[in-house]
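Here's the structure we're looking at; comments come further down.
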Amino acid sequence: MAPVRFAAALAAALLGTSALAQAETLTIATVNNSDMIIMQKLSPQWEAATGHKLNWVVLEENVLRQRVTTDIATKGGQFDIITIGSYETPIWGKQGWLVPLDDLGDDYDYADMIESVKNGLSHEGKLYSVPFYAESSFTFYRKDLFEAAGIEMPAVPTYDQIAEYAAKLTDKSKEQYGFCQRGKPGWGENMAFIGPMVNAFGGRWFDMDWNPQLTTEPWVQAITYYVTNMQAYGPPGAAANGHNENRALFATGHCALWVDATSAAGYIFNPNESQVADKTWFTAAPVQVTSNGSGWFWAWALGIPASSQKVDAAKSFVKWATSKEYVQLVGESEGWVAAPPGTRHSTYANPDYQKAAPFAQVVYESVKNADITKPTKDPVPYVGIQYVAIPEFQGIGTTVGQQMAAALAGQVTVEQALQTAQAATERVMKQAGYIK
């Protein structure tokens, strides 16, 4: 069956009808990641099957978070469907800001969801968003460059080893860089890399009494390492590079090493998108003094604000876009390597996906076994690996991320950046009543 006809039949089957009684125009806010671009490309097929229309607001990650957070907190009603993550969902669900999504029907097959992902999008057992894709992190590397340099990548590299390899594989005359990591400030941008790196160095955000720990030795060591290696072996303008910028650099052959989201593998291994699809391999995220929290856990999901006046139509779209059948549609129309990863057991049991995605089993195990309850070497009062699951973290993480970017850009020293970040975090935690 041709992809368009397949999609129309799929939408009709999912909804039980080819057109709903009242056509609605839904406003959907989403991030400009590759999987969401595919969703936008395929969505006219859902529109044709249902009679509804989608008004897309596609934003860079930091801007999306700011716009969506403001709208949902003020009950502005600007959006009917929002792309949110495993950080926001339980917090906003608890606040009553999201429509529960436990009632999409038996045919949605909730049991097929990977349990760690479902739990990460729930509060007190109730699902408040549905996963579009989920990810951990691992190390992408250019196997051709490693072979040429006589380097063998270990199954679990240390950050010290990564620095050693970065030095050997950087050739600025060829615009080839050994240490391509996120530098763009934001709790979900540079801090998504820095947080697990600090964990690996033995650090933590807070002690058991919620006292910020940003000037402790593990933070100093980790951020010194980050700034030193980014400045020596990273691409120009690294402080402005987030996930998308580094993905583009790697895919066009400018990076020898990149520690980032497992979800990017579908892009990097896709020969239609990547110039290095046949030259890339992967291994675990780096460790240092501990492996606890060294690889992050994240799910991008679709949620419905409680302020939406078009909940039934919105539910039909989020059901369609996160279903087993949608994964099948992407596989058949875009190539199986591009199928949304990390959400459903059935994706990883599919022989077509296994054949197209050499990284499938590693990603599946990483996501399934991610433990957001034990993210650090020492005990902590919070859950979350690259974030802290408290409402205040969005602001804290962004402020700290700005200081890390300033240190990377050479505007302040590492010590100054951490002292400023510590003071700002203490201020927020005192105001919020966590500490006196």
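Ordering of the structure tokens sets the chain letters (A, B, ...); residue numbers start at 1 within each chain; ligands are numbered from 1 in the order shown.
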Checklist entry - If we count only C-alpha atoms, what is near A:Gly295 at a cut-off of 8 Å, once residues fewer than 4 positions away on the same chain are taken out, given as a PyMOL selection string? => result chain A and resi 136-138+196+284-286+385
Checklist entry - Where in stretch 58-265 of chain A does DSSP assign strand (DSSP E or B), given as number ranges by chain? => result A: 58-59, 81-85, 98, 113, 122-123, 126-127, 130-135, 137-142, 158, 171, 176-177, 206, 212, 255, 257-261
For those residues, write N, CA and C atoms to a file as a CSV table (one decimal), in the first residue's frame.
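Full text of result_39.csv as output:
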chain,number,residue,atom,x,y,z
A,58,VAL,N,6.8,25.9,15.1
A,58,VAL,CA,8.0,25.2,15.2
A,58,VAL,C,9.1,26.1,15.7
A,59,LEU,N,9.7,25.7,16.9
A,59,LEU,CA,10.6,26.7,17.5
A,59,LEU,C,11.9,25.9,17.9
A,81,ILE,N,-1.9,21.4,21.5
A,81,ILE,CA,-0.9,20.3,21.7
A,81,ILE,C,0.5,20.9,21.9
A,82,ILE,N,1.2,20.4,22.8
A,82,ILE,CA,2.5,20.9,23.1
A,82,ILE,C,3.5,19.7,23.1
A,83,THR,N,4.7,20.0,22.7
A,83,THR,CA,5.8,19.1,22.8
A,83,THR,C,6.6,19.4,24.1
A,84,ILE,N,6.5,18.5,25.0
A,84,ILE,CA,7.2,18.7,26.3
A,84,ILE,C,8.0,17.4,26.7
A,85,GLY,N,8.7,17.5,27.8
A,85,GLY,CA,9.6,16.4,28.1
A,85,GLY,C,9.3,15.7,29.4
A,98,LEU,N,-2.2,19.7,32.7
A,98,LEU,CA,-2.3,18.9,31.5
A,98,LEU,C,-3.5,17.9,31.6
A,113,MET,N,4.4,0.2,25.6
A,113,MET,CA,5.3,1.3,25.9
A,113,MET,C,6.4,0.8,26.8
A,122,SER,N,4.6,10.2,33.9
A,122,SER,CA,3.4,10.0,34.8
A,122,SER,C,3.6,10.7,36.1
A,123,HIS,N,2.5,10.9,36.7
A,123,HIS,CA,2.5,11.4,38.1
A,123,HIS,C,1.4,10.6,38.9
A,126,LYS,N,-0.6,8.2,36.8
A,126,LYS,CA,-1.5,8.7,35.7
A,126,LYS,C,-0.6,9.3,34.7
A,127,LEU,N,-0.8,8.9,33.4
A,127,LEU,CA,0.0,9.4,32.3
A,127,LEU,C,-0.5,10.8,31.8
A,130,VAL,N,2.2,11.6,26.1
A,130,VAL,CA,2.5,10.3,25.5
A,130,VAL,C,3.8,10.5,24.7
A,131,PRO,N,4.7,9.5,24.7
A,131,PRO,CA,6.0,9.6,24.2
A,131,PRO,C,6.1,9.6,22.7
A,132,PHE,N,6.7,10.6,22.1
A,132,PHE,CA,7.0,10.6,20.7
A,132,PHE,C,8.3,10.0,20.4
A,133,TYR,N,9.3,10.3,21.1
A,133,TYR,CA,10.6,9.5,21.1
A,133,TYR,C,11.3,9.6,22.4
A,134,ALA,N,12.1,8.7,22.8
A,134,ALA,CA,12.9,8.7,24.0
A,134,ALA,C,14.3,8.4,23.7
A,135,GLU,N,15.2,8.8,24.6
A,135,GLU,CA,16.6,8.7,24.4
A,135,GLU,C,17.4,8.6,25.7
A,137,SER,N,22.0,8.8,26.2
A,137,SER,CA,23.1,9.4,25.4
A,137,SER,C,24.2,8.4,25.2
A,138,PHE,N,24.9,8.5,24.1
A,138,PHE,CA,26.1,7.7,23.9
A,138,PHE,C,27.1,8.5,23.1
A,139,THR,N,28.2,7.9,22.8
A,139,THR,CA,29.3,8.5,22.1
A,139,THR,C,29.3,8.1,20.6
A,140,PHE,N,29.1,9.1,19.8
A,140,PHE,CA,29.3,8.8,18.3
A,140,PHE,C,30.7,9.1,18.0
A,141,TYR,N,31.3,8.2,17.1
A,141,TYR,CA,32.6,8.5,16.7
A,141,TYR,C,32.9,8.0,15.3
A,142,ARG,N,33.9,8.6,14.7
A,142,ARG,CA,34.2,8.3,13.3
A,142,ARG,C,35.2,7.1,13.3
A,158,THR,N,36.5,6.5,29.2
A,158,THR,CA,36.5,7.5,30.3
A,158,THR,C,36.6,8.9,29.6
A,171,ASP,N,42.2,18.2,13.6
A,171,ASP,CA,43.0,18.8,12.5
A,171,ASP,C,42.3,20.0,12.0
A,176,GLN,N,38.4,19.7,11.0
A,176,GLN,CA,38.1,18.4,11.7
A,176,GLN,C,38.3,18.6,13.2
A,177,TYR,N,37.3,18.4,14.0
A,177,TYR,CA,37.4,18.7,15.4
A,177,TYR,C,37.1,17.4,16.3
A,206,PHE,N,22.8,18.9,44.3
A,206,PHE,CA,22.5,19.3,45.7
A,206,PHE,C,22.8,18.1,46.6
A,212,PRO,N,23.2,23.6,47.4
A,212,PRO,CA,23.8,23.6,46.1
A,212,PRO,C,25.3,23.2,46.2
A,255,CYS,N,33.3,16.5,12.7
A,255,CYS,CA,33.5,16.0,14.1
A,255,CYS,C,34.0,14.6,14.2
A,257,LEU,N,34.3,13.1,17.3
A,257,LEU,CA,33.7,12.6,18.5
A,257,LEU,C,32.5,13.5,18.9
A,258,TRP,N,31.4,12.9,19.3
A,258,TRP,CA,30.3,13.7,19.7
A,258,TRP,C,29.5,12.9,20.7
A,259,VAL,N,29.4,13.4,22.0
A,259,VAL,CA,28.6,12.7,23.0
A,259,VAL,C,27.2,13.4,23.0
A,260,ASP,N,26.2,12.7,22.7
A,260,ASP,CA,24.8,13.4,22.6
A,260,ASP,C,23.7,12.3,22.6
A,261,ALA,N,22.6,12.7,22.2
A,261,ALA,CA,21.3,11.9,22.3
A,261,ALA,C,21.4,10.7,21.4
Checklist outcome for this item: Counting only C-alpha atoms, the residue among A:Phe179, A:Gly395, A:Lys315, A:Val367 that lies closest to A:Asp102 is A:Lys315
Next on the checklist: For a test of reading the model, state the distance in Å between atom CA of A:Lys41 and atom CA of A:Glu88, rounded to one decimal.
Outcome noted: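 For atom CA of A:Lys41 relative to atom CA of A:Glu88, the distance reads 26.0 Å.
In this structure, atom CA of A:Tyr233 sits 21.7 Å away from atom CA of A:Ala264.
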Item to check | Best match for closeness to A:Ala166 among A:His243, A:Gln231, A:Ala256, A:Ser366, counting only C-alpha atoms | outcome: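 For A:Ala166, the nearest of the given residues is A:Ala256.
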Need to verify the contact set: A:Gln403, 7 Å, only C-alpha atoms, exclusion of same-chain residues closer than 4 positions in sequence. Can you return it as an mmCIF file with all heavy atoms, in the first residue's frame?
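What landed in part_25.cif:
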data_model
loop_
_atom_site.group_PDB
_atom_site.id
_atom_site.type_symbol
_atom_site.label_atom_id
_atom_site.label_comp_id
_atom_site.auth_asym_id
_atom_site.auth_seq_id
_atom_site.Cartn_x
_atom_site.Cartn_y
_atom_site.Cartn_z
ATOM 1 N N THR A 399 20.193 29.515 34.189
ATOM 2 C CA THR A 399 21.173 30.465 34.742
ATOM 3 C C THR A 399 22.563 29.839 34.796
ATOM 4 O O THR A 399 23.561 30.459 34.403
ATOM 5 C CB THR A 399 20.748 30.898 36.153
ATOM 6 O OG1 THR A 399 19.479 31.571 36.065
ATOM 7 C CG2 THR A 399 21.763 31.842 36.771
ATOM 8 N N ALA A 407 32.016 30.909 30.564
ATOM 9 C CA ALA A 407 33.352 30.360 30.809
ATOM 10 C C ALA A 407 33.933 29.767 29.528
ATOM 11 O O ALA A 407 35.123 29.955 29.229
ATOM 12 C CB ALA A 407 33.282 29.292 31.897
ATOM 13 N N ALA A 417 32.657 31.483 37.128
ATOM 14 C CA ALA A 417 31.373 30.986 36.628
ATOM 15 C C ALA A 417 30.675 30.121 37.672
ATOM 16 O O ALA A 417 29.466 30.258 37.907
ATOM 17 C CB ALA A 417 31.592 30.192 35.343
ATOM 18 N N ALA A 421 27.238 30.864 39.684
ATOM 19 C CA ALA A 421 26.164 29.881 39.581
ATOM 20 C C ALA A 421 25.732 29.374 40.954
ATOM 21 O O ALA A 421 24.535 29.219 41.231
ATOM 22 C CB ALA A 421 26.637 28.703 38.719
#
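Going from atom CA of A:Pro305 over to atom CA of A:Thr74, you cover 11.0 Å.
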Write out as a PDB file with N, CA and C atoms, in the first residue's frame each polymer residue whose atoms come within 10 Å of stretch 341-354 of chain A, counting only C-alpha atoms; drop sequence neighbours fewer than 5 positions from it.
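File written: result13.pdb
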ATOM      1  N   ASP A  35      13.040  14.348  14.119  1.00  0.00           N
ATOM      2  CA  ASP A  35      11.857  13.492  14.238  1.00  0.00           C
ATOM      3  C   ASP A  35      10.571  14.299  14.150  1.00  0.00           C
ATOM      4  N   ASP A 109      -2.511   0.357  22.788  1.00  0.00           N
ATOM      5  CA  ASP A 109      -1.551  -0.613  23.328  1.00  0.00           C
ATOM      6  C   ASP A 109      -0.554   0.032  24.287  1.00  0.00           C
ATOM      7  N   TYR A 110      -1.064   0.457  25.423  1.00  0.00           N
ATOM      8  CA  TYR A 110      -0.209   1.046  26.458  1.00  0.00           C
ATOM      9  C   TYR A 110       0.846   0.062  26.953  1.00  0.00           C
ATOM     10  N   ALA A 111       0.522  -1.246  26.931  1.00  0.00           N
ATOM     11  CA  ALA A 111       1.468  -2.250  27.424  1.00  0.00           C
ATOM     12  C   ALA A 111       2.722  -2.326  26.555  1.00  0.00           C
ATOM     13  N   ASP A 112       2.639  -1.821  25.339  1.00  0.00           N
ATOM     14  CA  ASP A 112       3.780  -1.835  24.420  1.00  0.00           C
ATOM     15  C   ASP A 112       4.799  -0.737  24.754  1.00  0.00           C
ATOM     16  N   MET A 113       4.396   0.229  25.570  1.00  0.00           N
ATOM     17  CA  MET A 113       5.317   1.306  25.948  1.00  0.00           C
ATOM     18  C   MET A 113       6.432   0.776  26.845  1.00  0.00           C
ATOM     19  N   ILE A 114       7.653   1.236  26.618  1.00  0.00           N
ATOM     20  CA  ILE A 114       8.764   0.897  27.502  1.00  0.00           C
ATOM     21  C   ILE A 114       8.489   1.506  28.872  1.00  0.00           C
ATOM     22  N   GLU A 115       8.581   0.688  29.911  1.00  0.00           N
ATOM     23  CA  GLU A 115       8.103   1.082  31.243  1.00  0.00           C
ATOM     24  C   GLU A 115       8.802   2.327  31.786  1.00  0.00           C
ATOM     25  N   SER A 116      10.119   2.433  31.603  1.00  0.00           N
ATOM     26  CA  SER A 116      10.844   3.598  32.135  1.00  0.00           C
ATOM     27  C   SER A 116      10.339   4.888  31.506  1.00  0.00           C
ATOM     28  N   VAL A 117       9.953   4.812  30.239  1.00  0.00           N
ATOM     29  CA  VAL A 117       9.446   5.994  29.536  1.00  0.00           C
ATOM     30  C   VAL A 117       8.055   6.351  30.047  1.00  0.00           C
ATOM     31  N   LYS A 118       7.208   5.357  30.164  1.00  0.00           N
ATOM     32  CA  LYS A 118       5.846   5.588  30.670  1.00  0.00           C
ATOM     33  C   LYS A 118       5.898   6.177  32.082  1.00  0.00           C
ATOM     34  N   VAL A 130       2.189  11.578  26.131  1.00  0.00           N
ATOM     35  CA  VAL A 130       2.508  10.310  25.478  1.00  0.00           C
ATOM     36  C   VAL A 130       3.811  10.467  24.692  1.00  0.00           C
ATOM     37  N   PRO A 131       4.692   9.459  24.737  1.00  0.00           N
ATOM     38  CA  PRO A 131       6.040   9.627  24.211  1.00  0.00           C
ATOM     39  C   PRO A 131       6.111   9.578  22.690  1.00  0.00           C
ATOM     40  N   PHE A 132       6.737  10.601  22.115  1.00  0.00           N
ATOM     41  CA  PHE A 132       6.982  10.628  20.677  1.00  0.00           C
ATOM     42  C   PHE A 132       8.309   9.950  20.363  1.00  0.00           C
ATOM     43  N   TYR A 133       9.348  10.301  21.103  1.00  0.00           N
ATOM     44  CA  TYR A 133      10.555   9.480  21.098  1.00  0.00           C
ATOM     45  C   TYR A 133      11.268   9.648  22.420  1.00  0.00           C
ATOM     46  N   ALA A 134      12.107   8.671  22.752  1.00  0.00           N
ATOM     47  CA  ALA A 134      12.856   8.706  24.006  1.00  0.00           C
ATOM     48  C   ALA A 134      14.314   8.399  23.709  1.00  0.00           C
ATOM     49  N   GLU A 135      15.162   8.789  24.634  1.00  0.00           N
ATOM     50  CA  GLU A 135      16.589   8.683  24.362  1.00  0.00           C
ATOM     51  C   GLU A 135      17.388   8.573  25.653  1.00  0.00           C
ATOM     52  N   SER A 136      18.559   7.981  25.516  1.00  0.00           N
ATOM     53  CA  SER A 136      19.632   8.137  26.475  1.00  0.00           C
ATOM     54  C   SER A 136      20.725   8.888  25.718  1.00  0.00           C
ATOM     55  N   THR A 262      20.977   9.535  21.934  1.00  0.00           N
ATOM     56  CA  THR A 262      20.873   8.337  21.111  1.00  0.00           C
ATOM     57  C   THR A 262      19.871   8.524  19.984  1.00  0.00           C
ATOM     58  N   SER A 263      18.889   9.403  20.179  1.00  0.00           N
ATOM     59  CA  SER A 263      17.879   9.633  19.145  1.00  0.00           C
ATOM     60  C   SER A 263      18.477  10.213  17.874  1.00  0.00           C
ATOM     61  N   ALA A 264      19.648  10.841  17.960  1.00  0.00           N
ATOM     62  CA  ALA A 264      20.284  11.403  16.774  1.00  0.00           C
ATOM     63  C   ALA A 264      20.830  10.333  15.845  1.00  0.00           C
ATOM     64  N   ALA A 265      20.923   9.096  16.339  1.00  0.00           N
ATOM     65  CA  ALA A 265      21.487   8.020  15.514  1.00  0.00           C
ATOM     66  C   ALA A 265      20.674   7.794  14.247  1.00  0.00           C
ATOM     67  N   GLY A 266      19.356   7.957  14.324  1.00  0.00           N
ATOM     68  CA  GLY A 266      18.525   7.779  13.145  1.00  0.00           C
ATOM     69  C   GLY A 266      18.877   8.749  12.032  1.00  0.00           C
ATOM     70  N   TRP A 298      15.845  10.942  28.603  1.00  0.00           N
ATOM     71  CA  TRP A 298      14.920  11.994  28.190  1.00  0.00           C
ATOM     72  C   TRP A 298      13.845  11.404  27.302  1.00  0.00           C
ATOM     73  N   ALA A 299      12.662  11.941  27.379  1.00  0.00           N
ATOM     74  CA  ALA A 299      11.606  11.617  26.425  1.00  0.00           C
ATOM     75  C   ALA A 299      10.976  12.915  25.942  1.00  0.00           C
ATOM     76  N   TRP A 300      10.905  13.076  24.643  1.00  0.00           N
ATOM     77  CA  TRP A 300      10.069  14.134  24.064  1.00  0.00           C
ATOM     78  C   TRP A 300       8.685  13.552  23.864  1.00  0.00           C
ATOM     79  N   ALA A 301       7.685  14.260  24.336  1.00  0.00           N
ATOM     80  CA  ALA A 301       6.332  13.726  24.345  1.00  0.00           C
ATOM     81  C   ALA A 301       5.342  14.781  23.875  1.00  0.00           C
ATOM     82  N   THR A 322       1.808   8.985  18.053  1.00  0.00           N
ATOM     83  CA  THR A 322       2.639   8.209  18.988  1.00  0.00           C
ATOM     84  C   THR A 322       2.272   6.726  18.988  1.00  0.00           C
ATOM     85  N   SER A 323       1.549   6.305  17.982  1.00  0.00           N
ATOM     86  CA  SER A 323       1.063   4.928  17.920  1.00  0.00           C
ATOM     87  C   SER A 323       2.083   3.997  17.268  1.00  0.00           C
ATOM     88  N   LYS A 324       1.879   2.695  17.441  1.00  0.00           N
ATOM     89  CA  LYS A 324       2.687   1.695  16.739  1.00  0.00           C
ATOM     90  C   LYS A 324       2.545   1.872  15.234  1.00  0.00           C
ATOM     91  N   VAL A 327       4.798   4.612  13.840  1.00  0.00           N
ATOM     92  CA  VAL A 327       6.171   4.128  13.694  1.00  0.00           C
ATOM     93  C   VAL A 327       6.313   3.352  12.389  1.00  0.00           C
ATOM     94  N   GLN A 328       5.312   2.504  12.099  1.00  0.00           N
ATOM     95  CA  GLN A 328       5.305   1.739  10.853  1.00  0.00           C
ATOM     96  C   GLN A 328       5.270   2.668   9.645  1.00  0.00           C
ATOM     97  N   GLY A 331       8.646   4.255   9.113  1.00  0.00           N
ATOM     98  CA  GLY A 331       9.563   3.261   8.585  1.00  0.00           C
ATOM     99  C   GLY A 331       9.366   3.026   7.102  1.00  0.00           C
ATOM    100  N   GLU A 332       8.092   2.954   6.672  1.00  0.00           N
ATOM    101  CA  GLU A 332       7.800   2.663   5.274  1.00  0.00           C
ATOM    102  C   GLU A 332       7.980   3.872   4.365  1.00  0.00           C
ATOM    103  N   GLY A 335      12.080   5.487   5.620  1.00  0.00           N
ATOM    104  CA  GLY A 335      13.174   4.557   5.867  1.00  0.00           C
ATOM    105  C   GLY A 335      13.190   4.169   7.332  1.00  0.00           C
ATOM    106  N   TRP A 336      13.407   2.884   7.607  1.00  0.00           N
ATOM    107  CA  TRP A 336      13.294   2.385   8.978  1.00  0.00           C
ATOM    108  C   TRP A 336      14.314   2.992   9.927  1.00  0.00           C
ATOM    109  N   PHE A 359      22.304   0.458  15.828  1.00  0.00           N
ATOM    110  CA  PHE A 359      22.361   0.944  17.201  1.00  0.00           C
ATOM    111  C   PHE A 359      21.148   0.526  18.027  1.00  0.00           C
ATOM    112  N   ALA A 360      20.201  -0.188  17.428  1.00  0.00           N
ATOM    113  CA  ALA A 360      18.891  -0.423  18.049  1.00  0.00           C
ATOM    114  C   ALA A 360      18.990  -1.047  19.433  1.00  0.00           C
ATOM    115  N   GLN A 361      19.735  -2.138  19.565  1.00  0.00           N
ATOM    116  CA  GLN A 361      19.771  -2.856  20.841  1.00  0.00           C
ATOM    117  C   GLN A 361      20.422  -2.025  21.934  1.00  0.00           C
ATOM    118  N   VAL A 363      20.496   1.260  22.176  1.00  0.00           N
ATOM    119  CA  VAL A 363      19.551   2.307  22.578  1.00  0.00           C
ATOM    120  C   VAL A 363      18.439   1.719  23.441  1.00  0.00           C
ATOM    121  N   TYR A 364      17.896   0.590  23.009  1.00  0.00           N
ATOM    122  CA  TYR A 364      16.815  -0.058  23.750  1.00  0.00           C
ATOM    123  C   TYR A 364      17.229  -0.355  25.186  1.00  0.00           C
ATOM    124  N   GLU A 365      18.391  -0.943  25.368  1.00  0.00           N
ATOM    125  CA  GLU A 365      18.869  -1.276  26.707  1.00  0.00           C
ATOM    126  C   GLU A 365      19.143  -0.014  27.520  1.00  0.00           C
ATOM    127  N   SER A 366      19.707   1.020  26.879  1.00  0.00           N
ATOM    128  CA  SER A 366      20.029   2.264  27.584  1.00  0.00           C
ATOM    129  C   SER A 366      18.771   2.942  28.112  1.00  0.00           C
ATOM    130  N   VAL A 367      17.753   3.005  27.266  1.00  0.00           N
ATOM    131  CA  VAL A 367      16.501   3.657  27.665  1.00  0.00           C
ATOM    132  C   VAL A 367      15.767   2.813  28.702  1.00  0.00           C
ATOM    133  N   LYS A 368      15.690   1.516  28.446  1.00  0.00           N
ATOM    134  CA  LYS A 368      14.929   0.616  29.336  1.00  0.00           C
ATOM    135  C   LYS A 368      15.529   0.579  30.739  1.00  0.00           C
TER     136      LYS A 368
END
Would you kindly return, as an mmCIF file with C-alpha atoms, in the first residue's frame, each protein, DNA or RNA residue with an atom no farther than 10 Å from any atom of A:Tyr326, considering only C-alpha atoms and excluding same-chain residues fewer than 3 positions away?
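Writing the result to selection-v9.cif gives the following:
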data_model
loop_
_atom_site.group_PDB
_atom_site.id
_atom_site.type_symbol
_atom_site.label_atom_id
_atom_site.label_comp_id
_atom_site.auth_asym_id
_atom_site.auth_seq_id
_atom_site.Cartn_x
_atom_site.Cartn_y
_atom_site.Cartn_z
ATOM 1 C CA ALA A 7 -1.621 6.764 6.397
ATOM 2 C CA LEU A 10 -4.317 4.151 9.521
ATOM 3 C CA ALA A 11 -5.850 7.399 10.732
ATOM 4 C CA MET A 39 5.917 14.370 12.008
ATOM 5 C CA LEU A 42 3.409 13.339 7.492
ATOM 6 C CA PHE A 132 6.982 10.628 20.677
ATOM 7 C CA LYS A 319 -2.823 9.104 19.576
ATOM 8 C CA TRP A 320 -2.010 8.953 15.854
ATOM 9 C CA ALA A 321 1.472 10.494 16.156
ATOM 10 C CA THR A 322 2.639 8.209 18.988
ATOM 11 C CA SER A 323 1.063 4.928 17.920
ATOM 12 C CA LEU A 329 4.340 4.665 8.626
ATOM 13 C CA VAL A 330 7.634 6.467 9.226
ATOM 14 C CA GLY A 331 9.563 3.261 8.585
ATOM 15 C CA GLU A 332 7.800 2.663 5.274
ATOM 16 C CA ALA A 339 11.600 5.546 12.864
ATOM 17 C CA PRO A 340 10.954 7.294 16.219
#
Checklist entry - So which one's closest to A:Val227, A:Lys53, A:Lys374, A:Lys355, A:Arg182? Using only C-alpha atoms, please. => result A:Arg182
Checklist entry - Which of stretch 277-328 of chain A counts as helix (DSSP H, G or I) under DSSP, as a list in words please? => result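 Here is the list: Val311, Asp312, Ala313, Ala314, Lys315, Ser316, Phe317, Val318, Lys319, Trp320, Ala321, Lys324, Glu325, Tyr326, Val327 and Gln328 of chain A.
Proximity ranking of A:Arg247, A:Gly433, A:Ile223, A:Thr216 relative to A:Met191 places A:Ile223 first, based on only C-alpha atoms.
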Checklist entry - Quick one: residues within 10 Å of A:Ser308, only C-alpha atoms counted, chain neighbours fewer than 3 positions away excluded, as a PyMOL selection string? => result chain A and resi 26-27+72+75-81+98-99+304-305+311-312+314
Please produce, as a Markdown table, a per-residue contact table for stretch 183-301 of chain A versus stretch 62-68 of chain A (criterion: any atom at most 12 Å away, only C-alpha atoms considered), showing the nearest atom pair and its distance in Å to one decimal, sorted by chain then residue number.
| residue | atom | partner | partner_atom | distance |
| --- | --- | --- | --- | --- |
| A:Lys184 | CA | A:Asn62 | CA | 9.6 |
| A:Pro185 | CA | A:Asn62 | CA | 8.7 |
| A:Gly186 | CA | A:Asn62 | CA | 6.5 |
| A:Trp187 | CA | A:Asn62 | CA | 8.4 |
| A:Gly188 | CA | A:Asn62 | CA | 7.4 |
| A:Glu189 | CA | A:Asn62 | CA | 7.7 |
| A:Asn190 | CA | A:Asn62 | CA | 10.8 |
| A:Met191 | CA | A:Asn62 | CA | 11.9 |
| A:Gly242 | CA | A:Asn62 | CA | 9.9 |
| A:His243 | CA | A:Asn62 | CA | 11.2 |
| A:Trp300 | CA | A:Arg65 | CA | 11.9 |
Item to check | From A:Ala73, A:Glu24, A:Pro236, A:Asp144, residue lying nearest A:Gln309 [only C-alpha atoms] | outcome: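 Closest candidate: A:Glu24.
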